[in-house]
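Data block for coords_3.txt (compact mmCIF, C-alpha atoms):
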# COMPACT_ATOMS: atom_id res chain seq x y z
CA MET A 1 0.79 -9.01 -37.55
CA SER A 2 0.35 -5.51 -36.08
CA VAL A 3 -1.02 -4.72 -32.65
CA MET A 4 -4.36 -3.58 -34.09
CA GLU A 5 -4.69 -6.80 -36.06
CA ASN A 6 -3.98 -8.79 -32.92
CA LEU A 7 -6.63 -6.82 -31.06
CA ALA A 8 -9.11 -7.46 -33.85
CA ALA A 9 -8.30 -11.16 -33.76
CA VAL A 10 -8.78 -11.31 -30.00
CA PHE A 11 -12.11 -9.50 -30.02
CA GLY A 12 -13.30 -11.32 -33.10
CA ASP A 13 -12.72 -14.85 -31.84
CA PRO A 14 -15.77 -16.03 -29.81
CA ASN A 15 -13.62 -18.26 -27.59
CA MET A 16 -11.23 -15.40 -26.85
CA GLN A 17 -14.20 -13.20 -26.03
CA TRP A 18 -15.32 -15.71 -23.39
CA VAL A 19 -11.83 -15.88 -21.97
CA LEU A 20 -11.45 -12.09 -21.97
CA LEU A 21 -14.78 -11.52 -20.24
CA SER A 22 -14.18 -14.20 -17.62
CA CYS A 23 -10.68 -12.97 -16.82
CA MET A 24 -11.85 -9.37 -16.46
CA LEU A 25 -14.68 -10.42 -14.16
CA LEU A 26 -12.22 -12.47 -12.15
CA GLY A 27 -9.94 -9.45 -11.86
CA VAL A 28 -12.73 -7.16 -10.65
CA ALA A 29 -14.07 -9.62 -8.06
CA SER A 30 -10.67 -10.65 -6.73
CA GLY A 31 -9.46 -7.04 -6.60
CA VAL A 32 -12.46 -5.87 -4.56
CA LEU A 33 -12.34 -8.77 -2.10
CA GLY A 34 -8.57 -8.55 -1.94
CA CYS A 35 -8.85 -5.05 -0.43
CA PHE A 36 -10.65 -6.41 2.63
CA ALA A 37 -8.28 -9.38 2.87
CA LEU A 38 -5.30 -7.01 2.74
CA LEU A 39 -6.68 -4.62 5.36
CA ARG A 40 -7.54 -7.48 7.70
CA LYS A 41 -4.01 -8.90 7.30
CA HIS A 42 -5.41 -12.04 5.70
CA SER A 43 -3.26 -11.86 2.58
CA LEU A 44 -2.18 -15.50 2.84
CA LEU A 45 -5.72 -16.70 3.43
CA GLY A 46 -6.34 -16.68 -0.33
CA ASP A 47 -3.30 -18.88 -0.87
CA ALA A 48 -4.47 -21.35 1.78
CA VAL A 49 -8.03 -21.44 0.43
CA ALA A 50 -6.84 -21.86 -3.16
CA HIS A 51 -4.71 -24.86 -2.24
CA ALA A 52 -7.47 -26.24 -0.01
CA ALA A 53 -9.97 -26.03 -2.89
CA LEU A 54 -8.17 -28.78 -4.82
CA PRO A 55 -9.64 -31.67 -2.79
CA GLY A 56 -13.08 -30.06 -3.20
CA ILE A 57 -12.67 -30.10 -6.98
CA CYS A 58 -11.58 -33.75 -6.91
CA LEU A 59 -14.49 -34.64 -4.62
CA ALA A 60 -16.94 -32.90 -6.98
CA PHE A 61 -15.63 -35.01 -9.90
CA LEU A 62 -15.92 -38.20 -7.90
CA VAL A 63 -19.49 -37.42 -6.83
CA THR A 64 -20.88 -36.08 -10.11
CA GLY A 65 -18.66 -38.02 -12.53
CA SER A 66 -18.45 -35.00 -14.83
CA LYS A 67 -16.45 -31.82 -15.25
CA SER A 68 -18.98 -29.18 -14.30
CA LEU A 69 -17.66 -25.79 -13.22
CA PHE A 70 -20.82 -25.16 -11.22
CA TRP A 71 -20.36 -28.25 -9.06
CA PHE A 72 -16.63 -27.67 -8.89
CA MET A 73 -17.30 -24.22 -7.45
CA ILE A 74 -19.83 -25.54 -4.92
CA PHE A 75 -17.58 -28.30 -3.59
CA ALA A 76 -14.41 -26.16 -3.75
CA ALA A 77 -16.15 -23.34 -1.87
CA ALA A 78 -17.36 -25.79 0.78
CA VAL A 79 -13.90 -27.28 1.32
CA GLY A 80 -12.28 -23.81 1.20
CA TRP A 81 -14.77 -22.64 3.80
CA LEU A 82 -13.87 -25.68 5.91
CA ALA A 83 -10.18 -24.77 5.57
CA SER A 84 -10.80 -21.20 6.75
CA ILE A 85 -12.73 -22.56 9.76
CA CYS A 86 -9.84 -24.91 10.53
CA ILE A 87 -7.38 -22.00 10.40
CA GLY A 88 -9.52 -20.00 12.83
CA ALA A 89 -10.00 -22.98 15.15
CA VAL A 90 -6.30 -23.84 15.25
CA THR A 91 -5.43 -20.22 16.00
CA ARG A 92 -8.15 -19.80 18.63
CA TYR A 93 -7.84 -23.08 20.54
CA SER A 94 -4.08 -23.60 20.49
CA LYS A 95 -0.88 -21.65 20.94
CA ILE A 96 -0.14 -21.85 17.22
CA LYS A 97 0.00 -18.45 15.50
CA GLU A 98 -1.99 -17.60 12.41
CA ASP A 99 0.87 -17.81 9.90
CA THR A 100 1.76 -21.30 11.18
CA ALA A 101 -1.89 -22.35 11.06
CA LEU A 102 -2.14 -21.12 7.46
CA GLY A 103 0.90 -23.16 6.45
CA LEU A 104 -0.37 -26.23 8.29
CA VAL A 105 -3.87 -26.18 6.80
CA LEU A 106 -2.55 -25.33 3.32
CA SER A 107 -0.13 -28.26 3.35
CA VAL A 108 -2.62 -30.79 4.69
CA PHE A 109 -5.47 -29.90 2.35
CA PHE A 110 -3.23 -29.57 -0.69
CA GLY A 111 -1.60 -32.89 0.11
CA VAL A 112 -5.02 -34.55 0.30
CA GLY A 113 -5.94 -32.90 -3.01
CA ILE A 114 -2.80 -34.19 -4.76
CA VAL A 115 -3.45 -37.72 -3.49
CA MET A 116 -7.07 -37.58 -4.72
CA LEU A 117 -5.99 -36.08 -8.06
CA THR A 118 -3.41 -38.84 -8.58
CA GLY A 119 -6.00 -41.49 -7.79
CA ILE A 120 -8.49 -39.97 -10.24
CA GLN A 121 -5.93 -39.76 -13.04
CA HIS A 122 -5.01 -43.41 -12.58
CA SER A 123 -8.62 -44.53 -12.63
CA ALA A 124 -10.62 -45.47 -15.71
CA GLY A 125 -11.36 -42.32 -17.69
CA GLY A 126 -9.50 -40.22 -15.16
CA ASN A 127 -7.03 -38.96 -17.69
CA GLN A 128 -9.91 -37.21 -19.46
CA SER A 129 -11.01 -35.31 -16.38
CA GLY A 130 -8.67 -32.37 -17.01
CA LEU A 131 -8.47 -31.67 -13.30
CA ASP A 132 -4.73 -31.05 -13.51
CA SER A 133 -5.51 -27.77 -15.32
CA PHE A 134 -6.70 -26.38 -11.98
CA LEU A 135 -3.14 -26.48 -10.64
CA PHE A 136 -1.83 -23.76 -12.96
CA GLY A 137 -5.03 -22.67 -14.69
CA LYS A 138 -6.21 -23.09 -18.24
CA ALA A 139 -8.32 -20.13 -19.27
CA ALA A 140 -8.52 -21.28 -22.87
CA SER A 141 -10.74 -24.19 -21.79
CA LEU A 142 -13.50 -21.87 -20.57
CA VAL A 143 -16.76 -22.08 -22.49
CA GLY A 144 -19.95 -20.05 -22.45
CA SER A 145 -21.55 -21.97 -19.57
CA ASP A 146 -18.41 -21.55 -17.46
CA VAL A 147 -18.39 -17.81 -18.09
CA ALA A 148 -22.08 -17.60 -17.19
CA VAL A 149 -21.38 -19.28 -13.84
CA MET A 150 -18.39 -17.01 -13.19
CA THR A 151 -20.38 -13.92 -14.18
CA GLY A 152 -23.21 -14.82 -11.82
CA ALA A 153 -20.83 -15.56 -8.94
CA ALA A 154 -18.79 -12.38 -9.52
CA GLY A 155 -21.97 -10.32 -9.76
CA VAL A 156 -23.26 -11.69 -6.45
CA LEU A 157 -19.93 -10.95 -4.77
CA LEU A 158 -19.88 -7.37 -5.99
CA VAL A 159 -23.51 -6.72 -5.01
CA ILE A 160 -22.93 -8.06 -1.48
CA CYS A 161 -19.78 -5.94 -1.11
CA PHE A 162 -21.72 -2.85 -2.27
CA LEU A 163 -24.63 -3.48 0.11
CA LEU A 164 -22.45 -4.28 3.13
CA PHE A 165 -19.64 -1.82 2.41
CA LYS A 166 -20.02 0.11 5.68
CA GLU A 167 -20.19 -3.08 7.73
CA PHE A 168 -17.12 -4.59 6.05
CA LYS A 169 -15.30 -1.27 6.47
CA LEU A 170 -16.02 -1.32 10.20
CA LEU A 171 -14.96 -4.96 10.38
CA SER A 172 -11.67 -4.15 8.68
CA PHE A 173 -10.72 -1.15 10.82
CA ASP A 174 -12.44 -1.45 14.23
CA PRO A 175 -14.39 -4.67 14.88
CA GLY A 176 -14.41 -3.95 18.62
CA PHE A 177 -16.37 -0.75 18.06
CA GLY A 178 -18.81 -2.69 15.88
CA ARG A 179 -19.40 -5.22 18.63
CA GLY A 180 -19.99 -2.32 21.00
CA LEU A 181 -22.74 -1.09 18.65
CA GLY A 182 -24.37 -4.52 18.80
CA MET A 183 -23.48 -5.52 15.24
CA PRO A 184 -22.92 -9.25 14.50
CA MET A 185 -19.23 -8.91 13.74
CA GLY A 186 -18.70 -12.66 14.01
CA TRP A 187 -21.25 -13.33 11.29
CA LEU A 188 -19.91 -10.51 9.16
CA ASN A 189 -16.41 -11.96 9.46
CA ALA A 190 -17.73 -15.38 8.45
CA LEU A 191 -19.55 -13.86 5.47
CA LEU A 192 -16.45 -11.98 4.37
CA MET A 193 -14.41 -15.19 4.57
CA LEU A 194 -17.06 -16.93 2.45
CA LEU A 195 -16.89 -14.17 -0.15
CA ILE A 196 -13.09 -14.40 -0.28
CA VAL A 197 -13.34 -18.18 -0.65
CA THR A 198 -15.82 -17.74 -3.51
CA ALA A 199 -13.60 -15.18 -5.23
CA VAL A 200 -10.71 -17.61 -5.03
CA VAL A 201 -12.78 -20.50 -6.32
CA ILE A 202 -14.11 -18.72 -9.41
CA GLY A 203 -10.55 -17.97 -10.47
CA LEU A 204 -9.13 -21.45 -10.13
CA GLN A 205 -9.76 -22.55 -13.70
CA ALA A 206 -8.41 -19.32 -15.18
CA VAL A 207 -5.39 -18.71 -12.92
CA GLY A 208 -4.94 -21.96 -11.02
CA VAL A 209 -4.42 -23.05 -7.44
CA VAL A 210 -0.80 -21.96 -7.26
CA LEU A 211 -1.20 -18.36 -8.51
CA MET A 212 -4.68 -17.41 -7.32
CA ALA A 213 -3.39 -15.76 -4.13
CA ALA A 214 -1.40 -13.29 -6.25
CA MET A 215 -4.53 -12.41 -8.23
CA LEU A 216 -6.38 -11.75 -4.99
CA ILE A 217 -3.77 -9.50 -3.36
CA THR A 218 -1.73 -7.82 -6.13
CA PRO A 219 -4.47 -5.47 -7.49
CA ALA A 220 -5.34 -4.43 -3.93
CA LEU A 221 -1.68 -3.73 -3.18
CA ALA A 222 -1.37 -1.65 -6.34
CA ALA A 223 -4.48 0.35 -5.45
CA ARG A 224 -3.22 0.98 -1.91
CA TYR A 225 -0.38 3.10 -3.27
CA TRP A 226 -2.77 5.57 -4.92
CA THR A 227 -5.24 6.46 -2.18
CA GLU A 228 -5.93 6.64 1.54
CA ARG A 229 -9.69 6.06 1.20
CA LEU A 230 -11.20 2.59 1.18
CA ASP A 231 -13.93 3.34 -1.37
CA HIS A 232 -11.37 4.72 -3.82
CA MET A 233 -9.06 1.80 -3.11
CA ILE A 234 -11.80 -0.71 -3.92
CA LEU A 235 -12.65 1.02 -7.21
CA LEU A 236 -8.99 1.17 -8.21
CA ALA A 237 -8.40 -2.47 -7.22
CA GLY A 238 -11.35 -3.57 -9.35
CA LEU A 239 -10.05 -1.49 -12.26
CA PHE A 240 -6.50 -2.86 -11.89
CA GLY A 241 -7.88 -6.38 -11.70
CA ALA A 242 -9.92 -5.91 -14.88
CA VAL A 243 -6.95 -4.36 -16.72
CA SER A 244 -4.72 -7.24 -15.58
CA GLY A 245 -7.22 -9.78 -16.87
CA ALA A 246 -7.60 -8.04 -20.23
CA LEU A 247 -3.88 -7.39 -20.66
CA GLY A 248 -2.93 -10.91 -19.66
CA THR A 249 -5.45 -12.41 -22.05
CA PHE A 250 -4.22 -10.27 -24.93
CA LEU A 251 -0.53 -10.89 -24.29
CA SER A 252 -1.02 -14.64 -23.94
CA SER A 253 -2.79 -14.69 -27.32
CA LEU A 254 0.30 -13.29 -29.06
CA ALA A 255 2.27 -16.53 -28.71
CA ALA A 256 1.27 -20.15 -29.15
CA ASN A 257 0.81 -22.21 -25.98
CA MET A 258 1.32 -19.18 -23.75
CA PRO A 259 -0.54 -19.84 -20.45
CA THR A 260 -3.11 -17.15 -19.75
CA GLY A 261 -3.21 -17.39 -15.95
CA PRO A 262 0.48 -16.73 -15.28
CA VAL A 263 0.50 -13.87 -17.80
CA ILE A 264 -2.47 -12.30 -15.99
CA VAL A 265 -0.57 -12.50 -12.71
CA LEU A 266 2.50 -10.98 -14.37
CA SER A 267 0.32 -8.16 -15.75
CA ALA A 268 -1.04 -7.49 -12.27
CA THR A 269 2.52 -7.50 -10.94
CA LEU A 270 3.51 -4.97 -13.60
CA LEU A 271 0.70 -2.66 -12.48
CA PHE A 272 1.85 -3.10 -8.90
CA LEU A 273 5.45 -2.18 -9.79
CA LEU A 274 4.28 0.89 -11.70
CA SER A 275 2.11 1.94 -8.75
CA MET A 276 4.91 1.34 -6.26
CA THR A 277 7.24 3.49 -8.36
CA PHE A 278 5.07 6.32 -9.70
CA ALA A 279 2.18 6.76 -7.23
CA PRO A 280 1.96 10.48 -6.39
CA GLN A 281 1.97 10.19 -2.58
CA ARG A 282 3.36 6.78 -1.63
CA GLY A 283 5.46 5.90 -4.68
CA LEU A 284 9.19 5.35 -4.45
CA LEU A 285 10.03 8.26 -6.76
CA MET A 286 7.94 10.65 -4.68
CA LYS A 287 9.54 9.38 -1.47
CA VAL A 288 13.01 9.83 -2.93
CA TRP A 289 12.11 13.33 -4.10
CA ARG A 290 10.70 14.28 -0.67
CA LEU A 291 13.77 12.86 1.05
CA ARG A 292 16.11 14.83 -1.22
CA ARG A 293 14.07 17.99 -0.65
CA LEU A 294 14.14 17.46 3.11
CA ARG A 295 17.90 16.94 3.08
CA ARG A 296 18.41 20.13 1.07
CA GLN A 297 16.14 22.04 3.44
CA VAL A 298 18.02 20.76 6.50
CA ALA A 299 21.36 21.62 4.85
CA ARG A 300 20.14 25.17 4.12
CA GLU A 301 18.95 25.61 7.71
CA GLN A 302 22.26 24.30 9.07
CA ALA A 303 24.23 26.70 6.86
CA LEU A 304 21.93 29.56 7.83
CA LEU A 305 22.38 28.89 11.55
CA SER A 306 26.14 28.45 11.18
CA LEU A 307 26.49 31.83 9.49
CA TYR A 308 24.28 33.50 12.10
CA GLU A 309 26.16 32.02 15.06
CA GLU A 310 29.50 33.07 13.56
CA MET A 311 28.17 36.61 12.98
CA GLU A 312 26.79 36.61 16.54
CA LYS A 313 30.37 36.54 17.83
CA GLY A 314 30.81 40.02 16.32
CA SER A 315 34.30 39.44 14.96
CA ARG A 316 33.47 39.86 11.28
CA GLU A 317 30.61 39.39 8.80
CA SER A 318 31.94 36.89 6.23
CA PHE A 319 33.22 33.38 6.87
CA ARG A 320 34.94 30.69 4.85
CA GLU A 321 33.33 27.35 4.19
CA GLU A 322 35.98 25.60 6.34
CA GLU A 323 34.87 27.63 9.37
CA LEU A 324 31.24 26.75 8.80
CA LEU A 325 32.10 23.06 8.50
CA GLU A 326 33.85 23.17 11.87
CA ARG A 327 30.74 24.55 13.55
CA ARG A 328 28.35 21.96 12.14
CA LYS A 329 29.70 18.75 10.70
CA GLN A 330 28.25 18.07 7.25
CA GLY A 331 29.64 17.17 3.88
CA ALA A 332 31.55 19.87 2.02
CA ARG A 333 29.51 19.27 -1.14
CA ARG A 334 26.26 19.54 0.77
CA LEU A 335 27.39 22.79 2.38
CA LYS A 336 28.41 24.27 -0.99
CA ARG A 337 25.03 23.40 -2.48
CA ALA A 338 23.22 24.80 0.57
CA LEU A 339 25.12 28.08 0.29
CA ARG A 340 24.31 28.31 -3.41
CA ASP A 341 20.63 27.73 -2.58
CA LEU A 342 20.76 30.48 0.04
CA ALA A 343 22.40 32.81 -2.47
CA ARG A 344 19.68 32.12 -5.07
CA SER A 345 16.98 32.87 -2.49
CA GLY A 346 18.68 36.11 -1.46
CA ALA A 347 19.49 34.92 2.09
CA ALA A 348 23.30 34.82 1.66
CA GLU A 349 25.93 36.33 -0.58
CA ARG A 350 29.60 36.06 -1.44
CA ARG A 351 31.88 38.59 0.25
CA GLY A 352 35.50 38.16 -0.74
CA GLU A 353 36.58 34.61 0.02
CA GLY A 354 33.73 33.95 2.44
CA TRP A 355 29.97 33.97 2.84
CA ALA A 356 27.73 36.40 4.72
CA LEU A 357 24.05 36.73 5.49
CA THR A 358 21.99 39.42 3.81
CA ALA A 359 19.40 41.40 5.76
CA ALA A 360 16.71 38.94 4.66
CA GLY A 361 18.93 35.97 5.58
CA LEU A 362 19.66 37.47 9.00
CA GLU A 363 15.94 37.70 9.73
CA GLN A 364 15.36 34.12 8.51
CA ALA A 365 18.21 32.81 10.68
CA TYR A 366 16.93 34.74 13.71
CA ARG A 367 13.43 33.34 13.34
CA LEU A 368 14.79 29.83 12.77
CA LEU A 369 17.02 29.97 15.86
CA ILE A 370 14.15 31.27 17.98
CA ASP A 371 11.92 28.46 16.73
CA ARG A 372 14.56 25.77 17.45
CA ARG A 373 15.13 27.04 20.99
CA MET A 374 11.39 27.30 21.61
CA GLN A 375 10.99 23.69 20.54
CA ASP A 376 13.64 22.67 23.05
CA LEU A 377 11.93 24.63 25.82
CA PHE A 378 8.54 23.22 24.88
CA ALA A 379 9.99 19.70 25.26
CA MET A 380 11.56 20.62 28.64
CA TYR A 381 8.31 22.06 30.04
CA GLU A 382 5.92 19.79 28.18
CA GLY A 383 4.11 18.77 31.35
CA THR A 384 3.08 22.37 32.06
CA PHE A 385 1.42 22.83 28.65
CA GLY A 386 -1.17 20.07 29.01
CA ALA A 387 -2.21 18.20 25.88
CA LEU A 388 -0.75 20.73 23.41
CA ILE A 389 1.22 19.23 20.54
CA PHE A 390 2.98 20.56 17.46
CA ASP A 391 4.30 19.06 14.25
CA ARG A 392 7.82 20.01 13.22
CA ASP A 393 6.90 19.47 9.57
CA GLN A 394 3.98 21.93 9.64
CA GLY A 395 5.90 25.16 10.02
CA ARG A 396 6.96 27.32 12.96
CA LEU A 397 5.96 26.41 16.49
CA GLU A 398 4.54 29.91 17.04
CA ASP A 399 1.98 29.32 14.29
CA GLN A 400 0.68 26.10 15.87
CA LEU A 401 0.34 27.00 19.58
CA PRO A 402 -2.07 29.36 21.38
CA PRO A 403 -0.82 32.95 21.90
CA GLU A 404 -0.56 32.56 25.69
CA THR A 405 1.69 29.52 25.26
CA VAL A 406 3.88 31.43 22.82
CA ARG A 407 4.21 34.30 25.30
CA THR A 408 5.22 31.83 28.01
CA LEU A 409 7.91 30.40 25.74
CA TRP A 410 9.23 33.91 24.99
CA ASN A 411 9.52 34.58 28.72
CA LEU A 412 11.33 31.26 29.21
CA LEU A 413 13.79 32.22 26.48
CA LYS A 414 14.63 35.38 28.42
CA VAL A 415 14.78 33.61 31.80
CA HIS A 416 17.21 30.99 30.50
CA GLY A 417 19.32 33.54 28.63
CA LEU A 418 18.58 31.95 25.26
CA MET A 419 17.59 35.08 23.39
CA PRO A 420 19.80 35.54 20.29
CA LYS A 421 22.10 38.52 20.58
CA LEU A 422 22.03 39.59 16.95
CA VAL A 423 18.55 41.05 16.35
CA PRO A 424 17.60 42.04 12.78
CA ALA A 425 16.88 45.73 12.27
CA THR A 426 13.35 44.93 11.10
CA LEU A 427 12.50 43.36 14.49
CA LYS A 428 14.27 45.68 16.89
CA GLY A 429 11.24 47.92 17.28
CA ARG A 430 9.24 44.98 18.62
CA GLY A 431 11.71 43.80 21.21
CA GLY A 432 13.11 41.19 18.91
CA GLU A 433 9.87 39.16 18.90
CA ALA A 434 9.08 37.73 15.49
CA SER A 435 5.43 37.91 14.57
Could you write out this file's structure as structure tokens?
Amino acid sequence: MSVMENLAAVFGDPNMQWVLLSCMLLGVASGVLGCFALLRKHSLLGDAVAHAALPGICLAFLVTGSKSLFWFMIFAAAVGWLASICIGAVTRYSKIKEDTALGLVLSVFFGVGIVMLTGIQHSAGGNQSGLDSFLFGKAASLVGSDVAVMTGAAGVLLVICFLLFKEFKLLSFDPGFGRGLGMPMGWLNALLMLLIVTAVVIGLQAVGVVLMAAMLITPALAARYWTERLDHMILLAGLFGAVSGALGTFLSSLAANMPTGPVIVLSATLLFLLSMTFAPQRGLLMKVWRLRRLRRQVAREQALLSLYEEMEKGSRESFREEELLERRKQGARRLKRALRDLARSGAAERRGEGWALTAAGLEQAYRLLIDRRMQDLFAMYEGTFGALIFDRDQGRLEDQLPPETVRTLWNLLKVHGLMPKLVPATLKGRGGEAS
């Protein structure tokens, strides 16, 4: 069967339509809430709440005597909320740190849930409860009423996040400033925890207790690689979550007895790996490319300065690579490539068996040496320049500081005898000062 036929089968089957819709809604809701959990360093909270929701599901079955997703969500949310309160209380009123409190509460609540689940399954009619599907998820068991409940819950979560976006943003980045403005940051934190608990709960039947934390955090992590703005991150996380849900549902339908929940998590992980590798600013490939470019730039500058300092001695104008390596230790291959780069840019040229600077290269080396020595002087006299700062990656120091500071640095160069002796012909008319 071709891919198009599989797609037609998925979209044509009413049950698969329910599963697809529910998993996409789950992805959107968990992705959006996961952004706030990630920024607040509460990534493991989803894992703790998901495991803590198991006793709530068992309690709902014992009280109602039926398998109703609505009541499961109510009881699971209540117990998950209780677990989050316990984590906060243990952290606040004891010397136990948050990660230890998360592990403690997760273990205790999940242990209680397993005991209750075992008791239910050994009771009369307990084997028909199907509660064990909440451990690893069973999206195929979702029906129209379940999807309606999940749709309503996901819609409420998204509306609240949209209405309180500015407040949650302030809570995530600077809650102290919010308290200073008189905002109820404590209540906002409690509400955000409730929303995260609800997002976890609505995904339990599709993804399961064990994997729900990954569904909460992975889309947010993937989105973080693509942007520095929270609003864009939230939109991308919701999109990645929806794509993960749709892709996982489709892939799980290609093989018999393929669990949907784990495949959804694997799809989200695939998106995360692609983002981590190919994101334009923070991706690994871009970082490797920037690092290689920086190394080549440093090697060119080192070769440029080595040639200039050798020419400054006045003995001759061309120098062998061995002489340049003695002045500044760097790999022979790196030096050869740097010299070739300088030759392509017109800054250096071959002369006999050695290398020499061209007129353009001499001016570049002069400016570079001046800038390096000015940086050293700026660091030595930093206290006299007040709050002035400069960024080495943003170009020459002269272009970033006020003119009076630059003039002071020029005078310091002359006082300390640091002025380069070999002045390019193009700058001699201006006293050697590069503009």
* Name all residues at most 8 Å from stretch 21-31 of chain A (count all atoms listed in the file; drop same-chain ones fewer than 3 positions away) and give them as a ChimeraX atom specification. => /A:17-18,34-35,139,147,150-151,154,157-158,196,199-200,202-203,206,215-220,234,237-246,249
* Figure out the distance between atom CA of A:Glu301 and atom CA of A:Trp410, please, to one decimal in Å. => 21.5 Å
* To do: Please measure the separation of atom CA of A:Leu368 and atom CA of A:Glu312, giving the value in Å to one decimal.
  => 14.3 Å
* Just give me the gap between atom CA of A:Ala153 and atom CA of A:Ser43 in Å, one decimal is fine. => 21.3 Å
* Do a neighbour search on A:Leu188 at 8 Å with only C-alpha atoms, toss out local chain neighbours closer than 2 positions, and write the hits as a PyMOL selection string. => chain A and resi 167-168+171+184-186+190-192
Kindly save the residues from that selection, with C-alpha atoms included, as a PDB file, keeping the file's coordinate frame.
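Result went into selection-v9.pdb, see below:
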ATOM      1  CA  GLU A 167     -20.190  -3.080   7.730  1.00  0.00           C
ATOM      2  CA  PHE A 168     -17.120  -4.590   6.050  1.00  0.00           C
ATOM      3  CA  LEU A 171     -14.960  -4.960  10.380  1.00  0.00           C
ATOM      4  CA  PRO A 184     -22.920  -9.250  14.500  1.00  0.00           C
ATOM      5  CA  MET A 185     -19.230  -8.910  13.740  1.00  0.00           C
ATOM      6  CA  GLY A 186     -18.700 -12.660  14.010  1.00  0.00           C
ATOM      7  CA  ALA A 190     -17.730 -15.380   8.450  1.00  0.00           C
ATOM      8  CA  LEU A 191     -19.550 -13.860   5.470  1.00  0.00           C
ATOM      9  CA  LEU A 192     -16.450 -11.980   4.370  1.00  0.00           C
TER      10      LEU A 192
END
* **From A:Val197, A:Ala222, A:Ala255, A:Ile370, residue lying nearest A:Leu271 [all atoms listed in the file]** =>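 Closest candidate: A:Ala222.
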